[in-house]
Each structure stands twice: as C-alpha cells, then as structure tokens.
Amino acid sequence: MAQGHGLRGWMQRWREPHSASAAAPLPELALPTGDGPLIWLRIGGDVASLPDGGLPPTLIQLLMQLRRRGLQIAVSRAAGGPPDLATRGISAVPDAALSVGQADAHISAMRPAAILLIGADLPRPLIEAALARDIPIVLAETRLSASERGWGLASLGLGRRSVLSQLTLLLLPDAASRDAAIDMGVSESRIEVTGPITQTREPLKHLEAERESLAEAFTGRQLWLAINVTEPEEQALIDAHMTVLRYSHRAILIALPDDPRRADAMASRMSDAGLIVAQRSLDEDPTDEVNVYLADDLFELGLWYRLAASCFMGSTLAGPTTTARDPFEAASLGSAAIHGPQDGPFSAEWAQLDGAGAARRVEDGSGLAQAAVALLAADQAAQIAANAWAVSTGGAGVANRIAHAIRDLATGDTA
C-alpha cells in the first residue's frame with residue numbers, strides 16, 4: 001500500500017517499523033470472568049500508592065462506581081506493579097506501556113471496550129495501539145497546568161499536545177486543567193470539568209453547647225483562625241493580625257501553636273508586639289478588649305473551624321510541615337482556608353482545593369495579611385467555603401459521573 005505524503009504519511013512510516021519490530025506474543029492475563037464490557041484502567045506513575053502498595057481511597061471509589069455500571073475492569077499501574085485486588089469483576093494485570101508491541105498484545109488479549117487513563121504520564125505505545133483499533137480513550141482525575149503547555153516532542157512523534165487532542169474524552173478536575181487542555185489544542189467538545197474525586201471524611205466533632213456559648217461571646221466581632229502555627233510563622237501571623245485590626249478594630253484571632261508547649265512563649269511574643277492575649281488553657285475569657293484568643297488543644301479544632309469564617313493553615317508558610325493538618329478538615333466545616341506554598345504531605349489535597357477556587361494560596365507574610373483582610377468580607381469567605389464544601393462532599397458524585405461516561409462509551413450508548 002502506497003504511503004501518503006505530509007503529516008499522515010510521516011506518521012504511517014514512523015509507526016510501521018516500530019509496530020513490526022515490537023511484536024509480542026499474547027500474554028496470559030487474569031481477567032474478570034463476569035458479564036459486561038471490559039475496561040482497561042491504567043494508573044500512571046505519578047499517582048501515589050498507599051504505603052502498603054494499595055490503591056488510594058479515591059480510586060477504590062471509582063472502581064466501585066464502574067462495577068455498579070456493570071463494567072468489568074482490568075487494572076494496571078506504571079509504578080509498584082499490579083495492585084492486590086480480590087474483588088469480583090476487577091482484576092490486576094501487569095502494565096504494558098513499554099512498547100507498541102506489548103500494548104497491542106495486551107489489547108488483543110483483553111479486547112477492552114474502552115481505556116481509562118488516570119495520571120499525567122500519557123503512555124505513547126498504549127495510546128497508539130488503542131488508536132489503531134478505534135478504542136475510546138478517556139483521561140480522568142488528571143490535573144493539567146500552564147507549565148505543561150510547553151511539553152516538548154515526546155508522544156506519537158508529535159508531542160503530548162497531539163496526544164491530548166486525539167483522546168476521546170477528558171474528564172478534568174478543575175477549570176484550570178480545562179483551560180490548559182484547550183491551550184494544548186483539545187477541542188472544548190471533548191472536555192468536561194467534573195471536579196475531583198475526593199475521599200469522604202468524617203467532620204471533626206465538637207460540643208454544640210460550647211460552640212453556642214462562644215458564638216454568643218464573639219457576637220459582633222469578626223473572627224479568623226490560625227492553626228498549627230510554627231515558630232518561624234509567628235511574626236507573619238502577628239503582622240497579619242495587626243493589619244486586620246487596622247481594618248476591623250474589634251476583630252479577634254483564635255490561634256493554636258503547632259506545639260502546645262510553646263503556648264506561653266507565643267502569648268508573650270504577641271503581647272510584646274502590642275496585642276492583648278487571653279489564653280484558653282488559663283481559663284481567661286475573650287473579653288471585648290482581647291485581640292487574640294490563644295488555644296492549645298487540638299481536640300477542639302472542630303469547634304474553632306465551625307466558629308471561624310476563615311482559617312490560616314499553619315506549617316504551610318514557613319514550615320516545618322511535619323505537623324500540618326489535612327485541609328479538608330476546614331473545608332468540610334465551612335472555614336475558608338488560607339495556606340502557604342509548602343504543601344507537606346497534603347499536596348494532592350491542596351491541588352484539589354486550589355484548582356476549584358476552594359482555598360486561597362499565599363506566598364509570604366504580606367500575602368497572608370492581604371488574604372486575612374480580604375476574607376473579612378463575608379461574601380468572599382462564603383464563596384471559598386462553598387467551593388470547598390462542594391469539593392469535600394462531591395467525591396462519590398464525581399466517581400459516578402466518570403463511570404457513567406465510560407459506560408456510555410463502552411456500550412455506544414450516548415443518549
């Protein structure tokens with residue numbers, strides 16, 4: 001068959017020697033034996049596994065939603081080997097993205113109705129083999145950023161821009177990823193912003209009688225919260241609250257150090273700066289003249305999140321991050337989170353919230369002051385809190401939407 005000229009002919013000539021030289025025998029794979037279309041779910045190497053090698057809870061949610069749609073799933077992952085899965089309708093298979101021949105052999109053995117890619121490392125051989133057989137390919141739960149718009153030539157001999165534009169559907173977690181995909185040449189008709197799959201978390205508990213009592217004591221005062229504040233962050237917090245007081249002289253800061261043993265020293269430093277401090281551990285009351293109410297009991301975090309419209313998540317501005325708290329604690333209880341550039345162990349969580357406009361990121365102490373003042377405005381804090389609530393409670397719905405889209409592609413049902 002004569003080869004064409006131009007881009008199409010170049011791709012054909014490029015593919016043929018690679019495919020021929022990479023031919024591989026059909027592998028013996030432990031595939032699900034139930035009824036229903038088979039989906040190959042491939043997890044990229046950038047997706048973190050649990051310490052024991054298991055899948056994160058968000059992917060378990062997605063697998064369960066796929067099964068509820070009557071789909072069979074073969075799971076592979078680029079890093080860590082096949083996961084340990086012993087659930088009806090779900091099997092683990094070795095990854096096959098090293099060569100076109102291996103990928104094609106796996107596809108021949110599995111005959112998947114669709115391929116679902118999770119993660120940003122797009123496997124060229126697998127995508128090429130699937131495109132050759134007109135198998136739908138969906139990318140989901142993957143964040144794209146402006147920094148990735150300059151991807152160099154890498155995949156399909158043309159670059160990852162070309163790969164993205166050839167995928168059937170992109171189910172992206174946030175608007176920033178959508179904009180990046182459009183800039184990389186993907187048609188808007190192939191993109192849907194679903195939000196991220198988030199793990200369902202139980203909100204921190206509190207004593208309602210105590211909340212009501214403190215809410216009454218704080219009536220008429222603008223309240224913000226700073227938790228797990230490290231010693232290197234104390235001065236930035238003091239400066240930020242001084243700025244807040246210039247805009248709202250009756251505002252009050254509830255502050256918790258990262259180590260309760262530093263509470264007295266933190267109180268002294270704040271007092272030396274001219275702030276009037278009351279310490280909860282000393283049974284001192286947050287009277288009208290008090291500027292800072294210093295608490296040191298982490299078991300009361302559920303109480304403070306519920307009272308404060310906004311919250312600076314300490315350990316993120318100057319570190320160390322060893323005592324950082326899960327940002328979804330604040331998100332699930334209606335407190336708009338402010339955080340610094342040090343994500344610590346919660347980089348995925350902050351990415352989810354930042355991408356959805358559900359948190360406010362600052363780079364330094366000046367940014368903290370500006371954010372604290374801005375979130376004194378009830379409408380701004382409420383918008384961030386509402387976005388955060390939607391992210392923190394929408395995990396099951398997002399997994400269900402992704403599963404629905406995969407099922408429709410696998411069955412040809414687009415009604």
# chains A, B, ... in the order shown; residues from 1 in each chain; ligands from 1

call {"tool": "select_by_dssp", "arguments": {"residues": "range 195-285 of chain A", "states": "helix (DSSP H, G or I)", "output": "count of residues only"}}
result
43

call {"tool": "closest_atom_pairs", "arguments": {"of": "range 247-316 of chain A", "to": "range 385-394 of chain A", "cutoff": "12 Å", "atoms": "only C-alpha atoms", "output": "JSON lines"}}
result
{"residue": "A:Tyr305", "atom": "CA", "partner": "A:Ala385", "partner_atom": "CA", "distance": 11.2}
{"residue": "A:Arg306", "atom": "CA", "partner": "A:Ala385", "partner_atom": "CA", "distance": 11.4}
{"residue": "A:Ala308", "atom": "CA", "partner": "A:Ala385", "partner_atom": "CA", "distance": 11.0}
{"residue": "A:Ala309", "atom": "CA", "partner": "A:Ala385", "partner_atom": "CA", "distance": 8.1}
{"residue": "A:Ser310", "atom": "CA", "partner": "A:Ala385", "partner_atom": "CA", "distance": 8.3}
{"residue": "A:Cys311", "atom": "CA", "partner": "A:Ala385", "partner_atom": "CA", "distance": 10.5}

call {"tool": "write_last_selection", "arguments": {"atoms": "N, CA, C and O atoms", "output": "CSV table (one decimal), in the first residue's frame"}}
result
chain,number,residue,atom,x,y,z
A,305,TYR,N,-13.1,25.5,63.8
A,305,TYR,CA,-13.4,25.6,62.4
A,305,TYR,C,-14.9,26.0,62.2
A,305,TYR,O,-15.2,26.8,61.2
A,306,ARG,N,-15.7,25.6,63.1
A,306,ARG,CA,-17.2,25.9,62.9
A,306,ARG,C,-17.4,27.4,63.3
A,306,ARG,O,-18.4,28.0,62.8
A,308,ALA,N,-15.0,30.0,62.9
A,308,ALA,CA,-14.2,31.0,62.1
A,308,ALA,C,-14.6,30.9,60.7
A,308,ALA,O,-14.6,29.8,60.1
A,309,ALA,N,-14.9,32.1,60.1
A,309,ALA,CA,-15.2,32.1,58.6
A,309,ALA,C,-14.0,31.8,57.8
A,309,ALA,O,-14.1,31.3,56.7
A,310,SER,N,-12.8,32.1,58.3
A,310,SER,CA,-11.6,31.8,57.5
A,310,SER,C,-10.5,31.3,58.5
A,310,SER,O,-10.6,31.5,59.7
A,311,CYS,N,-9.5,30.6,57.9
A,311,CYS,CA,-8.5,29.9,58.7
A,311,CYS,C,-7.2,29.8,58.0
A,311,CYS,O,-7.1,29.4,56.8

call {"tool": "residues_around", "arguments": {"residues": "Ser281 in chain A", "least_positions_apart": "2", "cutoff": "10 Å", "atoms": "only C-alpha atoms", "output": "list in words"}}
result
Pro260, Ala263, Asp264, Ala278, Gln279, Asp283, Glu284, Leu294, Ala295, Asp296 and Asp297 of chain A

call {"tool": "write_last_selection", "arguments": {"atoms": "all heavy atoms", "output": "PDB file, in the first residue's frame"}}
result
ATOM      1  N   PRO A 260       1.713  22.577  71.755  1.00  0.00           N
ATOM      2  CA  PRO A 260       1.089  23.232  72.914  1.00  0.00           C
ATOM      3  C   PRO A 260       2.093  23.754  73.932  1.00  0.00           C
ATOM      4  O   PRO A 260       1.804  24.702  74.663  1.00  0.00           O
ATOM      5  CB  PRO A 260       0.219  22.118  73.518  1.00  0.00           C
ATOM      6  CG  PRO A 260      -0.036  21.168  72.400  1.00  0.00           C
ATOM      7  CD  PRO A 260       1.200  21.213  71.549  1.00  0.00           C
ATOM      8  N   ALA A 263       2.820  27.532  73.870  1.00  0.00           N
ATOM      9  CA  ALA A 263       1.715  28.475  74.013  1.00  0.00           C
ATOM     10  C   ALA A 263       2.108  29.704  74.825  1.00  0.00           C
ATOM     11  O   ALA A 263       1.809  30.844  74.444  1.00  0.00           O
ATOM     12  CB  ALA A 263       0.512  27.781  74.633  1.00  0.00           C
ATOM     13  N   ASP A 264       2.772  29.494  75.954  1.00  0.00           N
ATOM     14  CA  ASP A 264       3.149  30.641  76.798  1.00  0.00           C
ATOM     15  C   ASP A 264       4.117  31.564  76.072  1.00  0.00           C
ATOM     16  O   ASP A 264       3.980  32.792  76.110  1.00  0.00           O
ATOM     17  CB  ASP A 264       3.775  30.151  78.109  1.00  0.00           C
ATOM     18  CG  ASP A 264       2.763  29.482  79.023  1.00  0.00           C
ATOM     19  OD1 ASP A 264       1.552  29.718  78.828  1.00  0.00           O
ATOM     20  OD2 ASP A 264       3.178  28.729  79.928  1.00  0.00           O
ATOM     21  N   ALA A 278      -5.593  36.505  75.481  1.00  0.00           N
ATOM     22  CA  ALA A 278      -6.216  35.686  76.517  1.00  0.00           C
ATOM     23  C   ALA A 278      -5.925  34.231  76.184  1.00  0.00           C
ATOM     24  O   ALA A 278      -6.018  33.828  75.024  1.00  0.00           O
ATOM     25  CB  ALA A 278      -7.721  35.930  76.579  1.00  0.00           C
ATOM     26  N   GLN A 279      -5.551  33.437  77.203  1.00  0.00           N
ATOM     27  CA  GLN A 279      -5.219  32.033  76.986  1.00  0.00           C
ATOM     28  C   GLN A 279      -6.336  31.130  77.493  1.00  0.00           C
ATOM     29  O   GLN A 279      -6.711  31.204  78.666  1.00  0.00           O
ATOM     30  CB  GLN A 279      -3.896  31.673  77.678  1.00  0.00           C
ATOM     31  CG  GLN A 279      -2.680  32.292  77.000  1.00  0.00           C
ATOM     32  CD  GLN A 279      -1.386  31.828  77.625  1.00  0.00           C
ATOM     33  OE1 GLN A 279      -0.687  32.599  78.291  1.00  0.00           O
ATOM     34  NE2 GLN A 279      -1.043  30.573  77.405  1.00  0.00           N
ATOM     35  N   ASP A 283      -8.072  29.587  81.482  1.00  0.00           N
ATOM     36  CA  ASP A 283      -9.474  29.964  81.747  1.00  0.00           C
ATOM     37  C   ASP A 283      -9.704  31.462  81.652  1.00  0.00           C
ATOM     38  O   ASP A 283     -10.572  32.023  82.332  1.00  0.00           O
ATOM     39  CB  ASP A 283      -9.923  29.452  83.124  1.00  0.00           C
ATOM     40  CG  ASP A 283     -10.059  27.941  83.174  1.00  0.00           C
ATOM     41  OD1 ASP A 283     -10.416  27.352  82.129  1.00  0.00           O
ATOM     42  OD2 ASP A 283      -9.786  27.350  84.226  1.00  0.00           O
ATOM     43  N   GLU A 284      -8.931  32.124  80.797  1.00  0.00           N
ATOM     44  CA  GLU A 284      -9.137  33.546  80.576  1.00  0.00           C
ATOM     45  C   GLU A 284     -10.208  33.739  79.497  1.00  0.00           C
ATOM     46  O   GLU A 284     -10.257  32.994  78.518  1.00  0.00           O
ATOM     47  CB  GLU A 284      -7.825  34.210  80.147  1.00  0.00           C
ATOM     48  CG  GLU A 284      -6.749  34.142  81.237  1.00  0.00           C
ATOM     49  CD  GLU A 284      -5.399  34.650  80.771  1.00  0.00           C
ATOM     50  OE1 GLU A 284      -5.186  34.751  79.537  1.00  0.00           O
ATOM     51  OE2 GLU A 284      -4.548  34.933  81.633  1.00  0.00           O
ATOM     52  N   LEU A 294      -5.819  32.617  72.548  1.00  0.00           N
ATOM     53  CA  LEU A 294      -4.833  31.565  72.305  1.00  0.00           C
ATOM     54  C   LEU A 294      -5.312  30.250  72.887  1.00  0.00           C
ATOM     55  O   LEU A 294      -5.557  30.140  74.089  1.00  0.00           O
ATOM     56  CB  LEU A 294      -3.493  31.963  72.925  1.00  0.00           C
ATOM     57  CG  LEU A 294      -2.280  31.111  72.551  1.00  0.00           C
ATOM     58  CD1 LEU A 294      -2.026  31.144  71.060  1.00  0.00           C
ATOM     59  CD2 LEU A 294      -1.050  31.604  73.300  1.00  0.00           C
ATOM     60  N   ALA A 295      -5.478  29.255  72.010  1.00  0.00           N
ATOM     61  CA  ALA A 295      -5.899  27.917  72.425  1.00  0.00           C
ATOM     62  C   ALA A 295      -4.763  26.951  72.127  1.00  0.00           C
ATOM     63  O   ALA A 295      -3.883  27.237  71.314  1.00  0.00           O
ATOM     64  CB  ALA A 295      -7.165  27.504  71.687  1.00  0.00           C
ATOM     65  N   ASP A 296      -4.775  25.809  72.787  1.00  0.00           N
ATOM     66  CA  ASP A 296      -3.682  24.863  72.539  1.00  0.00           C
ATOM     67  C   ASP A 296      -4.142  23.409  72.518  1.00  0.00           C
ATOM     68  O   ASP A 296      -3.330  22.493  72.556  1.00  0.00           O
ATOM     69  CB  ASP A 296      -2.568  25.043  73.576  1.00  0.00           C
ATOM     70  CG  ASP A 296      -3.043  24.863  75.008  1.00  0.00           C
ATOM     71  OD1 ASP A 296      -4.138  24.303  75.217  1.00  0.00           O
ATOM     72  OD2 ASP A 296      -2.315  25.294  75.930  1.00  0.00           O
ATOM     73  N   ASP A 297      -5.452  23.194  72.445  1.00  0.00           N
ATOM     74  CA  ASP A 297      -5.989  21.830  72.474  1.00  0.00           C
ATOM     75  C   ASP A 297      -6.476  21.453  71.078  1.00  0.00           C
ATOM     76  O   ASP A 297      -7.514  21.936  70.612  1.00  0.00           O
ATOM     77  CB  ASP A 297      -7.134  21.738  73.485  1.00  0.00           C
ATOM     78  CG  ASP A 297      -7.609  20.311  73.704  1.00  0.00           C
ATOM     79  OD1 ASP A 297      -7.186  19.423  72.934  1.00  0.00           O
ATOM     80  OD2 ASP A 297      -8.401  20.083  74.640  1.00  0.00           O
TER      81      ASP A 297
END

call {"tool": "select_by_dssp", "arguments": {"residues": "range 103-255 of chain A", "states": "strand (DSSP E or B)", "output": "tab-separated table (two decimals) with N, CA and C atoms, in the first residue's frame"}}
result
chain	number	residue	atom	x	y	z
A	114	ALA	N	-13.02	0.09	26.26
A	114	ALA	CA	-12.52	1.45	26.42
A	114	ALA	C	-11.30	1.40	27.33
A	115	ILE	N	-10.48	2.43	27.25
A	115	ILE	CA	-9.30	2.56	28.11
A	115	ILE	C	-9.44	3.83	28.92
A	116	LEU	N	-9.26	3.72	30.22
A	116	LEU	CA	-9.35	4.85	31.13
A	116	LEU	C	-7.97	5.11	31.71
A	117	LEU	N	-7.44	6.29	31.41
A	117	LEU	CA	-6.11	6.68	31.90
A	117	LEU	C	-6.26	7.59	33.11
A	118	ILE	N	-5.55	7.26	34.19
A	118	ILE	CA	-5.50	8.08	35.38
A	118	ILE	C	-4.06	8.53	35.57
A	137	ILE	N	-10.51	6.28	24.33
A	137	ILE	CA	-9.54	6.53	25.40
A	137	ILE	C	-10.00	7.75	26.18
A	138	VAL	N	-10.11	7.59	27.49
A	138	VAL	CA	-10.57	8.67	28.36
A	138	VAL	C	-9.46	9.00	29.37
A	139	LEU	N	-9.22	10.26	29.55
A	139	LEU	CA	-8.30	10.73	30.59
A	139	LEU	C	-9.13	11.34	31.71
A	140	ALA	N	-8.90	10.91	32.95
A	140	ALA	CA	-9.68	11.42	34.09
A	140	ALA	C	-8.78	11.59	35.30
A	169	LEU	N	-12.10	11.64	25.25
A	169	LEU	CA	-12.76	12.48	26.25
A	169	LEU	C	-11.79	12.79	27.38
A	170	LEU	N	-11.81	14.02	27.85
A	170	LEU	CA	-11.02	14.42	29.01
A	170	LEU	C	-11.98	14.84	30.11
A	171	LEU	N	-12.00	14.10	31.21
A	171	LEU	CA	-12.84	14.41	32.36
A	171	LEU	C	-11.92	15.01	33.42
A	172	LEU	N	-11.85	16.32	33.47
A	172	LEU	CA	-10.84	17.02	34.24
A	172	LEU	C	-11.39	17.55	35.56
A	191	ILE	N	-14.03	17.96	26.32
A	191	ILE	CA	-13.63	18.23	27.70
A	191	ILE	C	-14.86	18.41	28.57
A	192	GLU	N	-14.81	17.83	29.74
A	192	GLU	CA	-15.83	18.07	30.76
A	192	GLU	C	-15.13	18.26	32.10
A	193	VAL	N	-15.51	19.32	32.81
A	193	VAL	CA	-14.98	19.54	34.15
A	193	VAL	C	-15.90	18.84	35.14
A	223	LEU	N	-14.07	37.25	63.18
A	223	LEU	CA	-13.24	36.20	63.77
A	223	LEU	C	-12.50	35.45	62.67
A	224	TRP	N	-11.18	35.25	62.89
A	224	TRP	CA	-10.44	34.37	61.99
A	224	TRP	C	-9.54	33.48	62.82
A	225	LEU	N	-9.09	32.41	62.19
A	225	LEU	CA	-8.43	31.32	62.91
A	225	LEU	C	-7.06	31.04	62.29
A	226	ALA	N	-6.10	30.68	63.12
A	226	ALA	CA	-4.79	30.21	62.65
A	226	ALA	C	-4.42	28.98	63.47
A	227	ILE	N	-4.18	27.86	62.78
A	227	ILE	CA	-3.93	26.61	63.50
A	227	ILE	C	-2.54	26.08	63.18
A	228	ASN	N	-1.98	25.35	64.13
A	228	ASN	CA	-0.68	24.70	63.94
A	228	ASN	C	0.39	25.67	63.43
A	229	VAL	N	0.42	26.83	64.06
A	229	VAL	CA	1.38	27.87	63.66
A	229	VAL	C	2.76	27.50	64.20
A	252	ILE	N	-10.98	39.51	66.11
A	252	ILE	CA	-10.26	38.66	67.06
A	252	ILE	C	-9.69	37.45	66.34
A	253	LEU	N	-8.48	37.11	66.69
A	253	LEU	CA	-7.78	35.96	66.13
A	253	LEU	C	-7.77	34.82	67.14
A	254	ILE	N	-8.20	33.65	66.73
A	254	ILE	CA	-8.03	32.44	67.53
A	254	ILE	C	-6.79	31.74	66.99
A	255	ALA	N	-5.80	31.51	67.81
A	255	ALA	CA	-4.53	30.95	67.35
A	255	ALA	C	-4.15	29.72	68.16

call {"tool": "residues_around", "arguments": {"residues": "Pro196 in chain A", "least_positions_apart": "3", "cutoff": "10 Å", "atoms": "only C-alpha atoms", "output": "PyMOL selection string"}}
result
chain A and resi 58+140-143+171-174+193+199+349+351-353+355-356+391-392+394-399

call {"tool": "closest_residue", "arguments": {"among": "A:Ala251, A:Leu66, A:Leu71, A:Ala105", "to": "Thr33 in chain A", "atoms": "only C-alpha atoms"}}
result
A:Leu71

call {"tool": "atom_distance", "arguments": {"atom1": "CA of Gln72 in chain A", "atom2": "CA of His404 in chain A"}}
result
13.6 Å

call {"tool": "residues_around", "arguments": {"residues": "range 84-90 of chain A", "least_positions_apart": "3", "cutoff": "7 Å", "atoms": "only C-alpha atoms", "output": "count of residues only"}}
result
8

call {"tool": "residues_around", "arguments": {"residues": "Gly314 in chain A", "least_positions_apart": "6", "cutoff": "9 Å", "atoms": "only C-alpha atoms", "output": "PDB file with N, CA, C and O atoms, in the first residue's frame"}}
result
ATOM      1  N   ALA A 226      -6.102  30.680  63.125  1.00  0.00           N
ATOM      2  CA  ALA A 226      -4.790  30.211  62.651  1.00  0.00           C
ATOM      3  C   ALA A 226      -4.419  28.983  63.465  1.00  0.00           C
ATOM      4  O   ALA A 226      -4.346  29.050  64.693  1.00  0.00           O
ATOM      5  N   ILE A 227      -4.184  27.856  62.784  1.00  0.00           N
ATOM      6  CA  ILE A 227      -3.927  26.609  63.498  1.00  0.00           C
ATOM      7  C   ILE A 227      -2.536  26.081  63.179  1.00  0.00           C
ATOM      8  O   ILE A 227      -1.993  26.326  62.104  1.00  0.00           O
ATOM      9  N   ASN A 228      -1.977  25.351  64.130  1.00  0.00           N
ATOM     10  CA  ASN A 228      -0.675  24.697  63.945  1.00  0.00           C
ATOM     11  C   ASN A 228       0.388  25.671  63.429  1.00  0.00           C
ATOM     12  O   ASN A 228       1.148  25.361  62.509  1.00  0.00           O
ATOM     13  N   VAL A 229       0.425  26.832  64.058  1.00  0.00           N
ATOM     14  CA  VAL A 229       1.375  27.866  63.663  1.00  0.00           C
ATOM     15  C   VAL A 229       2.758  27.500  64.197  1.00  0.00           C
ATOM     16  O   VAL A 229       2.932  27.267  65.399  1.00  0.00           O
ATOM     17  N   THR A 230       3.731  27.426  63.307  1.00  0.00           N
ATOM     18  CA  THR A 230       5.095  27.103  63.724  1.00  0.00           C
ATOM     19  C   THR A 230       5.796  28.370  64.222  1.00  0.00           C
ATOM     20  O   THR A 230       5.376  29.497  63.922  1.00  0.00           O
ATOM     21  N   GLU A 233       6.624  31.033  61.789  1.00  0.00           N
ATOM     22  CA  GLU A 233       5.458  31.711  61.202  1.00  0.00           C
ATOM     23  C   GLU A 233       4.826  32.732  62.140  1.00  0.00           C
ATOM     24  O   GLU A 233       3.931  33.478  61.731  1.00  0.00           O
ATOM     25  N   LEU A 256      -3.637  28.708  67.441  1.00  0.00           N
ATOM     26  CA  LEU A 256      -3.143  27.487  68.066  1.00  0.00           C
ATOM     27  C   LEU A 256      -1.726  27.229  67.575  1.00  0.00           C
ATOM     28  O   LEU A 256      -1.503  27.149  66.357  1.00  0.00           O
ATOM     29  N   PRO A 257      -0.752  27.115  68.472  1.00  0.00           N
ATOM     30  CA  PRO A 257       0.613  26.778  68.042  1.00  0.00           C
ATOM     31  C   PRO A 257       0.693  25.321  67.603  1.00  0.00           C
ATOM     32  O   PRO A 257      -0.171  24.499  67.953  1.00  0.00           O
ATOM     33  N   ASP A 258       1.723  24.994  66.836  1.00  0.00           N
ATOM     34  CA  ASP A 258       1.882  23.610  66.400  1.00  0.00           C
ATOM     35  C   ASP A 258       2.269  22.695  67.554  1.00  0.00           C
ATOM     36  O   ASP A 258       2.045  21.485  67.497  1.00  0.00           O
ATOM     37  N   THR A 321       6.717  21.209  58.008  1.00  0.00           N
ATOM     38  CA  THR A 321       5.379  20.727  57.670  1.00  0.00           C
ATOM     39  C   THR A 321       4.999  19.439  58.381  1.00  0.00           C
ATOM     40  O   THR A 321       3.964  18.855  58.073  1.00  0.00           O
ATOM     41  N   THR A 323       3.771  18.855  61.199  1.00  0.00           N
ATOM     42  CA  THR A 323       2.529  18.902  61.974  1.00  0.00           C
ATOM     43  C   THR A 323       1.369  19.455  61.164  1.00  0.00           C
ATOM     44  O   THR A 323       0.322  19.801  61.723  1.00  0.00           O
ATOM     45  N   ALA A 324       1.527  19.566  59.850  1.00  0.00           N
ATOM     46  CA  ALA A 324       0.471  20.132  59.012  1.00  0.00           C
ATOM     47  C   ALA A 324      -0.814  19.310  59.131  1.00  0.00           C
ATOM     48  O   ALA A 324      -0.777  18.095  59.319  1.00  0.00           O
ATOM     49  N   ARG A 325      -1.933  20.001  59.008  1.00  0.00           N
ATOM     50  CA  ARG A 325      -3.241  19.346  59.104  1.00  0.00           C
ATOM     51  C   ARG A 325      -3.844  19.170  57.715  1.00  0.00           C
ATOM     52  O   ARG A 325      -3.574  19.925  56.787  1.00  0.00           O
ATOM     53  N   ILE A 338      -6.690  29.477  54.136  1.00  0.00           N
ATOM     54  CA  ILE A 338      -5.551  30.209  53.587  1.00  0.00           C
ATOM     55  C   ILE A 338      -4.321  29.334  53.818  1.00  0.00           C
ATOM     56  O   ILE A 338      -4.150  28.787  54.909  1.00  0.00           O
ATOM     57  N   HIS A 339      -3.462  29.210  52.820  1.00  0.00           N
ATOM     58  CA  HIS A 339      -2.274  28.382  53.018  1.00  0.00           C
ATOM     59  C   HIS A 339      -1.087  28.931  52.262  1.00  0.00           C
ATOM     60  O   HIS A 339      -1.233  29.690  51.290  1.00  0.00           O
ATOM     61  N   GLY A 340       0.102  28.557  52.711  1.00  0.00           N
ATOM     62  CA  GLY A 340       1.337  28.973  52.073  1.00  0.00           C
ATOM     63  C   GLY A 340       1.783  27.994  51.008  1.00  0.00           C
ATOM     64  O   GLY A 340       1.053  27.058  50.646  1.00  0.00           O
TER      65      GLY A 340
END
